[in-house]
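Peer 1: Supplied structure: query-v8.txt, compact mmCIF, C-alpha atoms and all ligand atoms.
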# COMPACT_ATOMS: atom_id res chain seq x y z
CA SER A 1 20.64 -4.42 20.01
CA ALA A 2 17.77 -3.35 22.25
CA ALA A 3 18.85 0.29 21.95
CA GLU A 4 18.70 0.17 18.15
CA LYS A 5 15.17 -1.15 18.46
CA GLY A 6 14.23 1.86 20.54
CA GLY A 7 12.87 -0.27 23.38
CA TYR A 8 10.73 -2.43 21.09
CA ASP A 9 11.18 -6.21 20.89
CA TYR A 10 11.48 -6.10 17.11
CA PHE A 11 12.46 -3.59 14.45
CA MET A 12 9.12 -4.26 12.83
CA LEU A 13 7.24 -3.00 15.90
CA LYS A 14 9.42 0.09 15.99
CA GLU A 15 8.88 0.70 12.30
CA ILE A 16 5.10 0.26 12.60
CA ALA A 17 5.13 2.82 15.41
CA GLU A 18 7.22 5.24 13.34
CA GLN A 19 4.63 5.42 10.58
CA PRO A 20 2.95 8.69 11.58
CA LYS A 21 6.33 10.42 11.51
CA ALA A 22 7.40 8.70 8.29
CA VAL A 23 4.20 9.87 6.59
CA ALA A 24 4.60 13.43 7.90
CA ASP A 25 8.27 13.53 6.89
CA THR A 26 7.43 12.40 3.37
CA LEU A 27 5.00 15.31 3.02
CA LEU A 28 7.34 17.83 4.63
CA GLY A 29 8.34 20.71 2.37
CA ARG A 30 6.26 19.38 -0.50
CA ILE A 31 3.07 21.34 0.23
CA ASP A 32 3.37 25.12 0.26
CA ALA A 33 1.49 27.63 2.43
CA ALA A 34 -1.15 28.09 -0.27
CA GLY A 35 -1.86 24.34 -0.23
CA SER A 36 -0.22 23.59 -3.60
CA LEU A 37 2.40 20.97 -4.27
CA THR A 38 6.00 21.95 -4.87
CA LEU A 39 7.93 19.04 -6.31
CA ASP A 40 10.76 20.98 -7.97
CA GLU A 41 13.10 18.16 -6.98
CA LEU A 42 11.46 16.00 -9.67
CA ARG A 43 13.77 17.20 -12.45
CA ILE A 44 11.05 16.41 -14.99
CA SER A 45 9.62 19.74 -16.13
CA ALA A 46 5.95 20.66 -15.91
CA ALA A 47 6.01 20.93 -19.72
CA GLU A 48 7.25 17.34 -20.00
CA LEU A 49 4.68 16.13 -17.48
CA ARG A 50 1.93 17.75 -19.50
CA GLU A 51 3.03 15.63 -22.48
CA VAL A 52 2.76 12.31 -20.63
CA ASP A 53 0.15 10.09 -22.27
CA LYS A 54 0.61 6.96 -20.18
CA VAL A 55 1.97 6.05 -16.76
CA VAL A 56 3.48 2.64 -16.15
CA ILE A 57 4.38 1.56 -12.63
CA VAL A 58 6.85 -1.25 -12.00
CA ALA A 59 7.73 -2.71 -8.61
CA CYS A 60 7.98 -5.92 -6.57
CA GLY A 61 6.42 -7.22 -3.37
CA THR A 62 4.96 -4.62 -1.07
CA ALA A 63 6.07 -1.79 -3.39
CA PHE A 64 3.96 -3.41 -6.13
CA HIS A 65 0.92 -3.13 -3.86
CA ALA A 66 1.65 0.58 -3.43
CA GLY A 67 1.70 0.78 -7.23
CA LEU A 68 -1.68 -0.95 -7.52
CA ILE A 69 -3.19 1.68 -5.22
CA ALA A 70 -1.42 4.49 -7.10
CA LYS A 71 -3.23 3.48 -10.29
CA TYR A 72 -6.61 4.35 -8.77
CA ALA A 73 -5.32 7.77 -7.70
CA ILE A 74 -3.47 8.57 -10.92
CA GLU A 75 -6.32 7.67 -13.23
CA HIS A 76 -8.92 9.39 -11.06
CA TRP A 77 -7.04 12.65 -10.54
CA THR A 78 -5.28 12.97 -13.87
CA ARG A 79 -7.30 10.88 -16.38
CA ILE A 80 -3.97 9.57 -17.71
CA PRO A 81 -4.11 5.82 -18.35
CA CYS A 82 -1.98 3.96 -15.84
CA GLU A 83 -0.72 0.38 -15.86
CA VAL A 84 0.93 -1.42 -12.98
CA GLU A 85 3.14 -4.40 -13.55
CA LEU A 86 5.33 -6.71 -11.54
CA ALA A 87 8.84 -5.64 -12.45
CA SER A 88 9.85 -9.27 -13.02
CA GLU A 89 7.24 -9.65 -15.76
CA PHE A 90 7.69 -6.30 -17.44
CA ARG A 91 10.48 -6.44 -19.97
CA TYR A 92 9.87 -10.03 -20.97
CA ARG A 93 6.61 -9.22 -22.71
CA ASP A 94 8.01 -6.35 -24.79
CA PRO A 95 5.74 -3.66 -23.29
CA ILE A 96 4.58 -0.73 -25.40
CA LEU A 97 6.55 2.30 -24.30
CA GLY A 98 7.50 5.61 -25.87
CA ALA A 99 8.93 9.04 -25.17
CA ARG A 100 5.60 10.17 -23.70
CA SER A 101 5.36 7.24 -21.27
CA LEU A 102 6.25 8.03 -17.68
CA VAL A 103 7.55 4.94 -15.94
CA ILE A 104 7.49 5.00 -12.14
CA ALA A 105 9.78 2.50 -10.38
CA ILE A 106 8.88 2.04 -6.72
CA SER A 107 11.51 0.50 -4.45
CA GLN A 108 12.29 0.85 -0.77
CA SER A 109 15.90 -0.33 -1.10
CA GLY A 110 16.63 1.01 -4.56
CA GLU A 111 18.54 -2.21 -5.22
CA THR A 112 15.91 -4.73 -6.30
CA MET A 113 17.28 -6.32 -9.47
CA ASP A 114 13.91 -7.04 -11.09
CA THR A 115 12.90 -3.39 -10.72
CA LEU A 116 16.28 -2.17 -11.95
CA MET A 117 16.09 -4.32 -15.08
CA ALA A 118 12.55 -3.05 -15.76
CA LEU A 119 13.63 0.58 -15.54
CA ARG A 120 16.66 -0.02 -17.75
CA HIS A 121 14.36 -1.54 -20.32
CA ALA A 122 12.03 1.48 -20.12
CA ARG A 123 14.89 3.94 -20.60
CA GLU A 124 16.14 1.97 -23.60
CA GLN A 125 12.69 2.53 -25.14
CA GLY A 126 13.10 6.28 -24.61
CA SER A 127 10.68 6.60 -21.68
CA LYS A 128 11.30 8.87 -18.71
CA VAL A 129 11.72 7.01 -15.43
CA LEU A 130 10.79 8.44 -12.05
CA ALA A 131 12.00 6.48 -9.03
CA ILE A 132 10.10 6.48 -5.74
CA CYS A 133 12.73 5.28 -3.33
CA ASN A 134 13.67 5.26 0.34
CA THR A 135 17.42 4.90 0.02
CA ASN A 136 19.52 7.91 -0.91
CA GLY A 137 21.97 7.35 -3.72
CA SER A 138 20.98 3.73 -4.34
CA THR A 139 21.13 2.21 -7.81
CA ILE A 140 17.50 2.67 -8.90
CA PRO A 141 17.38 6.45 -8.31
CA ARG A 142 20.88 6.84 -9.78
CA GLU A 143 19.77 5.20 -13.01
CA SER A 144 16.45 7.06 -13.20
CA ASP A 145 15.70 10.44 -14.78
CA ALA A 146 14.23 11.73 -11.55
CA VAL A 147 13.57 10.63 -8.00
CA LEU A 148 11.06 11.39 -5.31
CA TYR A 149 12.48 10.13 -2.04
CA THR A 150 10.24 8.67 0.63
CA HIS A 151 11.44 9.82 4.03
CA ALA A 152 10.66 6.72 6.05
CA GLY A 153 14.17 6.51 7.49
CA PRO A 154 16.06 3.20 7.45
CA GLU A 155 13.77 0.17 7.39
CA VAL A 156 15.44 -2.89 8.94
CA ALA A 157 12.67 -5.50 9.31
CA VAL A 158 12.39 -7.61 6.17
CA ALA A 159 8.61 -7.13 5.98
CA SER A 160 8.00 -3.61 4.77
CA THR A 161 5.71 -1.35 6.83
CA LYS A 162 6.63 2.31 7.11
CA ALA A 163 8.23 2.28 3.66
CA PHE A 164 4.89 1.12 2.23
CA LEU A 165 2.94 3.96 3.80
CA THR A 166 5.45 6.50 2.54
CA GLN A 167 5.39 4.93 -0.94
CA LEU A 168 1.64 5.52 -0.93
CA VAL A 169 2.17 9.13 0.12
CA ALA A 170 4.76 9.63 -2.63
CA CYS A 171 2.42 8.07 -5.20
CA TYR A 172 -0.41 10.37 -4.11
CA LEU A 173 1.95 13.35 -4.38
CA VAL A 174 2.95 12.37 -7.91
CA ALA A 175 -0.68 11.81 -8.90
CA LEU A 176 -1.82 15.11 -7.40
CA TYR A 177 1.13 16.95 -8.91
CA LEU A 178 0.37 15.54 -12.36
CA GLY A 179 -3.20 16.74 -11.87
CA GLN A 180 -1.99 20.13 -10.71
CA VAL A 181 0.40 20.79 -13.61
CA ARG A 182 -2.10 19.51 -16.14
CA GLY A 183 -4.96 21.52 -14.65
CA THR A 184 -7.40 18.62 -14.62
CA LYS A 185 -11.07 19.17 -13.94
CA TRP A 186 -10.57 17.71 -10.48
CA GLY A 187 -8.87 20.93 -9.31
CA ASP A 188 -11.12 21.43 -6.26
CA GLU A 189 -10.91 17.82 -5.25
CA ILE A 190 -7.13 17.94 -5.58
CA GLN A 191 -7.00 20.89 -3.16
CA ALA A 192 -9.25 19.05 -0.69
CA VAL A 193 -7.16 15.90 -0.87
CA ILE A 194 -3.95 17.84 -0.27
CA ARG A 195 -5.54 19.21 2.90
CA ASP A 196 -6.63 15.72 3.99
CA LEU A 197 -3.17 14.31 3.24
CA SER A 198 -1.56 16.88 5.50
CA ARG A 199 -3.75 15.62 8.37
CA ILE A 200 -3.38 11.90 7.69
CA SER A 201 -0.39 11.21 9.94
CA ASN A 202 -2.61 12.04 12.95
CA GLU A 203 -5.13 9.48 11.73
CA VAL A 204 -2.40 6.83 11.43
CA GLU A 205 -1.41 7.70 15.01
CA ARG A 206 -5.00 7.22 16.16
CA VAL A 207 -5.14 3.78 14.53
CA LEU A 208 -1.95 2.76 16.35
CA GLU A 209 -3.50 3.71 19.68
CA THR A 210 -6.36 1.22 19.24
CA MET A 211 -4.43 -1.92 18.25
CA GLU A 212 -4.65 -4.01 21.43
CA PRO A 213 -7.84 -5.86 20.36
CA VAL A 214 -6.18 -6.63 17.01
CA ARG A 215 -3.21 -8.21 18.80
CA GLU A 216 -5.55 -10.19 20.99
CA LEU A 217 -7.46 -11.43 17.95
CA ALA A 218 -4.20 -12.39 16.22
CA ARG A 219 -3.12 -14.48 19.21
CA SER A 220 -6.47 -16.29 19.20
CA LEU A 221 -5.92 -17.31 15.57
CA ALA A 222 -2.40 -18.67 16.01
CA ASP A 223 -3.49 -22.25 15.25
CA LYS A 224 -5.31 -21.46 12.03
CA LYS A 225 -3.98 -22.68 8.70
CA THR A 226 -5.58 -20.17 6.36
CA VAL A 227 -6.73 -16.57 6.46
CA LEU A 228 -8.47 -14.89 3.53
CA PHE A 229 -8.58 -11.16 2.81
CA LEU A 230 -11.22 -9.38 0.76
CA GLY A 231 -11.32 -5.83 -0.49
CA ARG A 232 -12.63 -3.74 -3.30
CA HIS A 233 -11.38 -0.65 -5.15
CA VAL A 234 -8.26 0.51 -3.24
CA GLY A 235 -9.20 -2.00 -0.54
CA TYR A 236 -8.29 -4.79 -2.93
CA PRO A 237 -4.54 -4.05 -2.95
CA VAL A 238 -4.82 -3.55 0.83
CA ALA A 239 -6.20 -7.11 1.02
CA LEU A 240 -3.27 -8.35 -1.09
CA GLU A 241 -0.84 -6.58 1.23
CA GLY A 242 -2.54 -8.02 4.32
CA ALA A 243 -2.17 -11.50 2.84
CA LEU A 244 1.45 -10.93 1.84
CA LYS A 245 2.33 -9.81 5.37
CA LEU A 246 0.78 -12.97 6.80
CA LYS A 247 2.69 -15.22 4.39
CA GLU A 248 5.96 -13.43 5.07
CA LEU A 249 5.66 -13.34 8.85
CA ALA A 250 3.29 -16.06 10.01
CA TYR A 251 4.08 -18.60 7.22
CA MET A 252 0.35 -19.12 6.87
CA HIS A 253 -1.65 -19.68 3.76
CA ALA A 254 -3.14 -16.27 3.11
CA GLU A 255 -4.81 -14.95 -0.01
CA GLY A 256 -6.25 -11.61 -0.97
CA PHE A 257 -9.22 -11.42 -3.31
CA ALA A 258 -11.21 -8.69 -4.97
CA ALA A 259 -14.52 -8.99 -3.16
CA GLY A 260 -16.44 -8.88 -6.46
CA GLU A 261 -14.66 -12.08 -7.50
CA LEU A 262 -15.95 -13.99 -4.50
CA LYS A 263 -18.83 -15.46 -6.44
CA HIS A 264 -16.50 -16.46 -9.29
CA GLY A 265 -14.53 -18.92 -7.21
CA PRO A 266 -13.19 -17.99 -3.79
CA ILE A 267 -16.54 -18.44 -2.05
CA ALA A 268 -16.02 -22.20 -2.51
CA LEU A 269 -13.19 -21.92 0.02
CA ILE A 270 -15.44 -20.64 2.80
CA GLU A 271 -15.95 -23.18 5.57
CA GLU A 272 -16.89 -23.18 9.23
CA ASP A 273 -14.74 -20.82 11.30
CA LEU A 274 -12.42 -19.75 8.46
CA PRO A 275 -11.10 -16.27 9.32
CA VAL A 276 -11.85 -13.76 6.57
CA VAL A 277 -10.64 -10.19 6.87
CA VAL A 278 -12.78 -7.72 4.94
CA VAL A 279 -11.67 -4.18 4.17
CA VAL A 280 -14.85 -2.09 3.90
CA PRO A 281 -14.85 1.09 1.83
CA SER A 282 -16.34 4.25 3.28
CA PRO A 283 -20.15 4.38 3.21
CA ARG A 284 -19.75 7.96 2.00
CA GLY A 285 -18.21 8.45 -1.43
CA ARG A 286 -18.60 5.28 -3.48
CA SER A 287 -21.46 3.94 -1.38
CA VAL A 288 -22.49 1.39 -4.01
CA LEU A 289 -19.26 -0.47 -3.34
CA HIS A 290 -19.84 -0.23 0.39
CA ASP A 291 -23.24 -1.89 0.10
CA LYS A 292 -21.88 -4.62 -2.16
CA ILE A 293 -19.14 -5.46 0.34
CA VAL A 294 -21.67 -5.59 3.16
CA SER A 295 -23.61 -8.23 1.19
CA ASN A 296 -20.36 -10.13 0.65
CA ILE A 297 -19.82 -10.15 4.40
CA GLN A 298 -23.35 -11.50 4.91
CA GLU A 299 -22.79 -14.19 2.27
CA ILE A 300 -19.56 -15.50 3.74
CA ARG A 301 -20.87 -15.34 7.29
CA ALA A 302 -23.96 -17.34 6.29
CA ARG A 303 -21.47 -20.02 5.12
CA GLY A 304 -19.70 -20.09 8.46
CA ALA A 305 -16.78 -17.68 7.97
CA ARG A 306 -15.45 -15.86 10.99
CA THR A 307 -15.65 -12.27 9.75
CA ILE A 308 -12.99 -9.75 10.73
CA VAL A 309 -14.27 -6.45 9.46
CA ILE A 310 -12.19 -3.31 9.02
CA ALA A 311 -14.63 -0.42 8.72
CA GLU A 312 -14.78 3.31 9.14
CA GLU A 313 -15.83 4.79 12.47
CA GLY A 314 -19.55 5.45 12.46
CA ASP A 315 -20.33 2.77 9.85
CA GLU A 316 -23.06 0.92 11.74
CA THR A 317 -24.31 -1.22 8.84
CA VAL A 318 -21.48 -3.73 9.29
CA VAL A 319 -22.03 -4.28 13.02
CA PRO A 320 -24.53 -7.18 12.79
CA TYR A 321 -22.25 -9.18 10.46
CA ALA A 322 -18.86 -8.60 12.08
CA ASP A 323 -17.54 -11.26 14.44
CA HIS A 324 -14.65 -8.88 15.04
CA LEU A 325 -14.81 -5.21 14.17
CA ILE A 326 -11.70 -3.11 13.66
CA ARG A 327 -12.40 0.61 13.42
CA ILE A 328 -10.41 3.02 11.28
CA PRO A 329 -10.87 6.80 10.99
CA ALA A 330 -12.92 8.22 8.14
CA THR A 331 -10.73 9.32 5.24
CA PRO A 332 -11.35 10.15 1.58
CA THR A 333 -11.78 6.88 -0.32
CA LEU A 334 -8.44 7.02 -2.13
CA LEU A 335 -6.50 7.67 1.08
CA GLN A 336 -8.07 4.83 3.07
CA PRO A 337 -5.15 2.42 2.47
CA LEU A 338 -2.97 4.63 4.69
CA VAL A 339 -5.10 3.76 7.69
CA ALA A 340 -6.54 0.36 6.64
CA THR A 341 -3.12 -1.30 6.18
CA VAL A 342 -1.90 -0.56 9.69
CA PRO A 343 -4.12 -3.09 11.55
CA LEU A 344 -3.07 -5.75 9.01
CA GLN A 345 0.60 -5.12 9.77
CA VAL A 346 -0.04 -5.37 13.50
CA PHE A 347 -2.14 -8.51 12.96
CA ALA A 348 0.61 -10.29 10.99
CA CYS A 349 3.35 -9.22 13.39
CA GLU A 350 1.45 -10.49 16.41
CA LEU A 351 0.52 -13.77 14.71
CA ALA A 352 4.16 -14.34 13.85
CA THR A 353 5.12 -13.72 17.45
CA ALA A 354 2.39 -16.04 18.73
CA ARG A 355 3.65 -18.76 16.38
CA GLY A 356 7.20 -18.30 17.61
CA ASN A 357 8.52 -17.00 14.31
CA GLU A 358 11.43 -14.67 13.77
CA VAL A 359 9.64 -11.36 13.13
CA ASP A 360 12.45 -9.27 11.69
CA GLN A 361 14.14 -12.04 9.70
CA PRO A 362 11.49 -14.38 8.26
CA ARG A 363 12.81 -17.64 6.87
CA ASN A 364 13.87 -17.71 3.21
CA LEU A 365 13.37 -13.97 2.67
CA ALA A 366 15.79 -11.12 2.12
CA LYS A 367 15.27 -7.41 2.70
CA SER A 368 16.46 -6.60 -0.73
CA VAL A 369 16.72 -9.10 -3.56
CA THR A 370 19.63 -8.19 -5.77
CA VAL A 371 19.37 -11.11 -8.15
CA GLU A 372 16.77 -11.60 -10.89
C1 LIG B 401 11.83 -8.14 -0.97
C2 LIG B 401 11.35 -7.76 0.42
C3 LIG B 401 9.95 -7.15 0.35
C4 LIG B 401 9.94 -5.97 -0.62
C5 LIG B 401 10.46 -6.37 -1.99
C6 LIG B 401 10.70 -5.16 -2.87
O1 LIG B 401 11.08 -9.20 -1.44
O2 LIG B 401 11.35 -8.88 1.26
O3 LIG B 401 9.54 -6.71 1.64
O4 LIG B 401 8.63 -5.47 -0.72
O5 LIG B 401 11.71 -7.04 -1.88
O6 LIG B 401 11.75 -4.41 -2.30
P1 LIG B 401 12.08 -2.94 -2.67
O7 LIG B 401 13.32 -2.60 -1.88
O8 LIG B 401 12.33 -2.88 -4.16
O9 LIG B 401 10.92 -2.08 -2.29
Show how you would write the structure in this file as structure tokens.
Peer 2:
Amino acid sequence: SAAEKGGYDYFMLKEIAEQPKAVADTLLGRIDAAGSLTLDELRISAAELREVDKVVIVACGTAFHAGLIAKYAIEHWTRIPCEVELASEFRYRDPILGARSLVIAISQSGETMDTLMALRHAREQGSKVLAICNTNGSTIPRESDAVLYTHAGPEVAVASTKAFLTQLVACYLVALYLGQVRGTKWGDEIQAVIRDLSRISNEVERVLETMEPVRELARSLADKKTVLFLGRHVGYPVALEGALKLKELAYMHAEGFAAGELKHGPIALIEEDLPVVVVVPSPRGRSVLHDKIVSNIQEIRARGARTIVIAEEGDETVVPYADHLIRIPATPTLLQPLVATVPLQVFACELATARGNEVDQPRNLAKSVTVE
């Protein structure tokens, strides 16, 4: 009913709007006054976490994209090797797991069969499994050794939005906590990131306030057949997520590529007026990557692409090459997905609406897939 949708036309719009709160709620009570993390609820002891020699993340769909981003954070902050795998592929290749492997299963519903089978396989190999889940008491957390709940609240729309942002937050918390208990050499950076994380829900709010041009752009592209997405570093999984949203909601051909791969194939797809969304990393931090992406934008534009550039406020270098410029607030590199994903959700939702599609219940899809 309209009341359930809180005055919005679709649950998805409501859930997009709830993201600042979902992010804040997921952090609530997990950062103490001194700015350290308190994840006592984990039920895996600090001693056990210090023994972990490998992290393996398993998930499906949007949750898999959260896992891809988590890898960058976990390896950077903890120096523990981290693999990410589609849950449906995991057990069939006899993965190498042991008692010191920490397997993280990410699932909004907690009922996805592929993810459940992957975690059962991991536990049979003697690994500890930590679930990151949005649904209290669901099967995946019940069968795991420990759980860190995301506090997104119920997500009704089939296409995941607020659950994704909170999965990212939970992954960052786990990564930072692993760094904290292991006393990695990134101690100062960890403290700084915890401070930035506690401010990030305001930044998500700011992004939401500037979405009208994105909706307008989406409507203008309603007749297109294909949209490509490019990103690099953590922007690469963001590109994959942007493409997934467009497939799910707009039923359009959409593909995400690592921008560095452009020259190894995808650039052949570029033709006159093809919309290409590019997620630009911050010019601060890893500025080499920033400059490389800017050349990618020039290359595709020279071949006729219509460039839709998502770049940090104050990044002026992209202005001459952006047919459409979407601004996001400056954040530390690893946290950028929390703000960069939001315009892509809005973009896909508006395109679906413009094409007359059912936003909350896309054809052929289910909110939670309980068969393998
Ligand atoms: C289905 C949904 C996706 C979701 C995926 C994983 O395919 O349509 O939106 O990302 O399942 O769901 P989970 O509940 O495990 O996060």
Peer 1: In terms of the shortest atom-to-atom distance over only C-alpha atoms, which of A:Ala2, A:Val318, A:Val193, A:Leu148 is closest to A:Arg301?
Peer 2: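 For A:Arg301, the nearest of the candidates is A:Val318.
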Peer 1: Quick one: pull the distance between atom CA of A:Gly260 and atom CA of A:Ile310, Å, one decimal.
Peer 2: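 Interatomic distance, atom CA of A:Gly260 to atom CA of A:Ile310: 17.0 Å.
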Peer 1: Kindly work out which residues sit at most 6 Å from ligand LIG 401 (chain B), using all atoms listed in the file, and give the list as a PyMOL selection string.
Peer 2: chain A and resi 60-63+107-110+112+158-160+365-369
Peer 1: Could you check how far atom CA of A:Ala157 sits from atom CA of A:Ala348, in Å to one decimal?
Peer 2: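 A separation of 13.1 Å between them.
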Peer 1: Quick check, in Å to one decimal: how far apart do atom CA of A:Ala175 and atom CA of A:Asp315 lie?
Peer 2: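 Answer for the atom CA of A:Ala175 to atom CA of A:Asp315 separation: 28.6 Å.
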Peer 1: Can you work out which one of A:Lys245, A:Ala163, A:Arg182, A:Leu173 has the shortest atom-to-atom distance to A:Arg195, counting all atoms listed in the file?
Peer 2: A:Leu173
Peer 1: Which residues are close to A:Val276, i.e. within 6 Å by all atoms listed in the file, leaving aside same-chain residues fewer than 2 positions away? Reply as a PyMOL selection string.
Peer 2: chain A and resi 227-229+307-308
Peer 1: With all atoms listed in the file as the basis for distance, which of A:Asp9, A:Glu18, A:Glu203, A:Asp40 is at the shortest distance from A:Leu338?
Peer 2: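 Going through A:Asp9, A:Glu18, A:Glu203, A:Asp40 one by one, the smallest distance to A:Leu338 is for A:Glu203.
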Peer 1: Quick one: residues within 12 Å of A:Phe164, all atoms listed in the file, excluding same-chain residues fewer than 4 positions away - as a PyMOL selection string?
Peer 2: chain A and resi 15-16+19+22-23+26+59-70+106-109+132-134+150-153+155+159-160+168-171+237-238+241-242+245+337-339+341-342+345
Peer 1: Under the rule that all atoms listed in the file are counted, which of A:Gly179, A:Gly231, A:Gly265, A:Pro141 is the nearest residue to A:Ile297?
Peer 2: A:Gly231
Peer 1: Which polymer residues, protein or nucleic acid, are no farther than 6 Å from (2.9, -14.9, 0.5), counting only C-alpha atoms, as an MDAnalysis selection string?
Peer 2: chainID A and resid 244 247:248
Peer 1: Residues at most 8 Å from A:Tyr177, counting all atoms listed in the file, excluding those fewer than 3 positions away in the same chain, as number ranges by chain?
Peer 2: A: 37, 39, 173-174, 180-181
Peer 1: Closest to A:Val52 among A:Lys21, A:Arg91, A:Arg100, A:His233, using only C-alpha atoms?
Peer 2: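 Closest to A:Val52, using only C-alpha atoms: A:Arg100.
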Peer 1: Counting all atoms listed in the file, which of A:Glu143, A:Glu189, A:Glu212, A:Glu51 gets nearest to A:His76?
Peer 2: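 Distance minimum relative to A:His76 lands on A:Glu189.
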Peer 1: Might you pull out every residue within 12 Å of A:Asp196, with only C-alpha atoms counted and same-chain residues fewer than 6 positions away left off, and present them as a PyMOL selection string?
Peer 2: chain A and resi 27+31+35+169+172+189-190+202-203+330-336+338
Peer 1: Return the padded bounding box of stretch 165-170 of chain A as lines of an AutoDock Vina configuration file: axis-aligned, built from all atoms listed in the file, 5 Å added on each side, with centre and edge lengths in Å to one decimal.
Peer 2:
center_x = 3.5
center_y = 6.8
center_z = 0.6
size_x = 13.8
size_y = 15.7
size_z = 16.4
Peer 1: Determine, counting only C-alpha atoms, which protein, DNA and RNA residues have an atom within 12 Å of an atom of A:Glu48; residues of the same chain fewer than 5 positions away are not included. Present the result as number ranges by chain.
Peer 2: A: 42-43, 53, 99-102, 127-128, 178, 181-182
Peer 1: Could you give me stretch 279-298 of chain A completed to N, CA and C atoms, formatted as an mmCIF file, in the coordinates of the input?
Peer 2:
data_model
loop_
_atom_site.group_PDB
_atom_site.id
_atom_site.type_symbol
_atom_site.label_atom_id
_atom_site.label_comp_id
_atom_site.auth_asym_id
_atom_site.auth_seq_id
_atom_site.Cartn_x
_atom_site.Cartn_y
_atom_site.Cartn_z
ATOM 1 N N VAL A 279 -11.946 -5.620 4.121
ATOM 2 C CA VAL A 279 -11.670 -4.180 4.170
ATOM 3 C C VAL A 279 -12.875 -3.468 3.542
ATOM 4 N N VAL A 280 -13.585 -2.703 4.348
ATOM 5 C CA VAL A 280 -14.850 -2.090 3.900
ATOM 6 C C VAL A 280 -14.604 -0.640 3.467
ATOM 7 N N PRO A 281 -15.013 -0.308 2.250
ATOM 8 C CA PRO A 281 -14.850 1.090 1.830
ATOM 9 C C PRO A 281 -15.803 2.003 2.610
ATOM 10 N N SER A 282 -15.505 3.280 2.578
ATOM 11 C CA SER A 282 -16.340 4.250 3.280
ATOM 12 C C SER A 282 -17.779 4.194 2.762
ATOM 13 N N PRO A 283 -18.755 4.319 3.678
ATOM 14 C CA PRO A 283 -20.150 4.380 3.210
ATOM 15 C C PRO A 283 -20.456 5.711 2.533
ATOM 16 N N ARG A 284 -19.607 6.726 2.762
ATOM 17 C CA ARG A 284 -19.750 7.960 2.000
ATOM 18 C C ARG A 284 -19.089 7.709 0.655
ATOM 19 N N GLY A 285 -18.914 8.666 -0.170
ATOM 20 C CA GLY A 285 -18.210 8.450 -1.430
ATOM 21 C C GLY A 285 -18.845 7.359 -2.270
ATOM 22 N N ARG A 286 -18.074 6.328 -2.594
ATOM 23 C CA ARG A 286 -18.600 5.280 -3.480
ATOM 24 C C ARG A 286 -19.466 4.295 -2.699
ATOM 25 N N SER A 287 -20.658 4.738 -2.297
ATOM 26 C CA SER A 287 -21.460 3.940 -1.380
ATOM 27 C C SER A 287 -21.993 2.656 -2.006
ATOM 28 N N VAL A 288 -22.050 2.616 -3.350
ATOM 29 C CA VAL A 288 -22.490 1.390 -4.010
ATOM 30 C C VAL A 288 -21.539 0.249 -3.625
ATOM 31 N N LEU A 289 -20.247 0.547 -3.677
ATOM 32 C CA LEU A 289 -19.260 -0.470 -3.340
ATOM 33 C C LEU A 289 -19.404 -0.894 -1.886
ATOM 34 N N HIS A 290 -19.651 0.075 -1.028
ATOM 35 C CA HIS A 290 -19.840 -0.230 0.390
ATOM 36 C C HIS A 290 -20.957 -1.253 0.558
ATOM 37 N N ASP A 291 -22.091 -0.995 -0.075
ATOM 38 C CA ASP A 291 -23.240 -1.890 0.100
ATOM 39 C C ASP A 291 -22.951 -3.275 -0.469
ATOM 40 N N LYS A 292 -22.200 -3.307 -1.571
ATOM 41 C CA LYS A 292 -21.880 -4.620 -2.160
ATOM 42 C C LYS A 292 -20.975 -5.423 -1.222
ATOM 43 N N ILE A 293 -20.040 -4.755 -0.599
ATOM 44 C CA ILE A 293 -19.140 -5.460 0.340
ATOM 45 C C ILE A 293 -19.939 -5.960 1.541
ATOM 46 N N VAL A 294 -20.870 -5.155 2.012
ATOM 47 C CA VAL A 294 -21.670 -5.590 3.160
ATOM 48 C C VAL A 294 -22.435 -6.868 2.789
ATOM 49 N N SER A 295 -22.957 -6.954 1.560
ATOM 50 C CA SER A 295 -23.610 -8.230 1.190
ATOM 51 C C SER A 295 -22.615 -9.356 1.113
ATOM 52 N N ASN A 296 -21.387 -9.083 0.649
ATOM 53 C CA ASN A 296 -20.360 -10.130 0.650
ATOM 54 C C ASN A 296 -20.122 -10.651 2.066
ATOM 55 N N ILE A 297 -20.068 -9.735 3.018
ATOM 56 C CA ILE A 297 -19.820 -10.150 4.400
ATOM 57 C C ILE A 297 -20.970 -11.056 4.872
ATOM 58 N N GLN A 298 -22.194 -10.658 4.544
ATOM 59 C CA GLN A 298 -23.350 -11.500 4.910
ATOM 60 C C GLN A 298 -23.251 -12.878 4.280
#
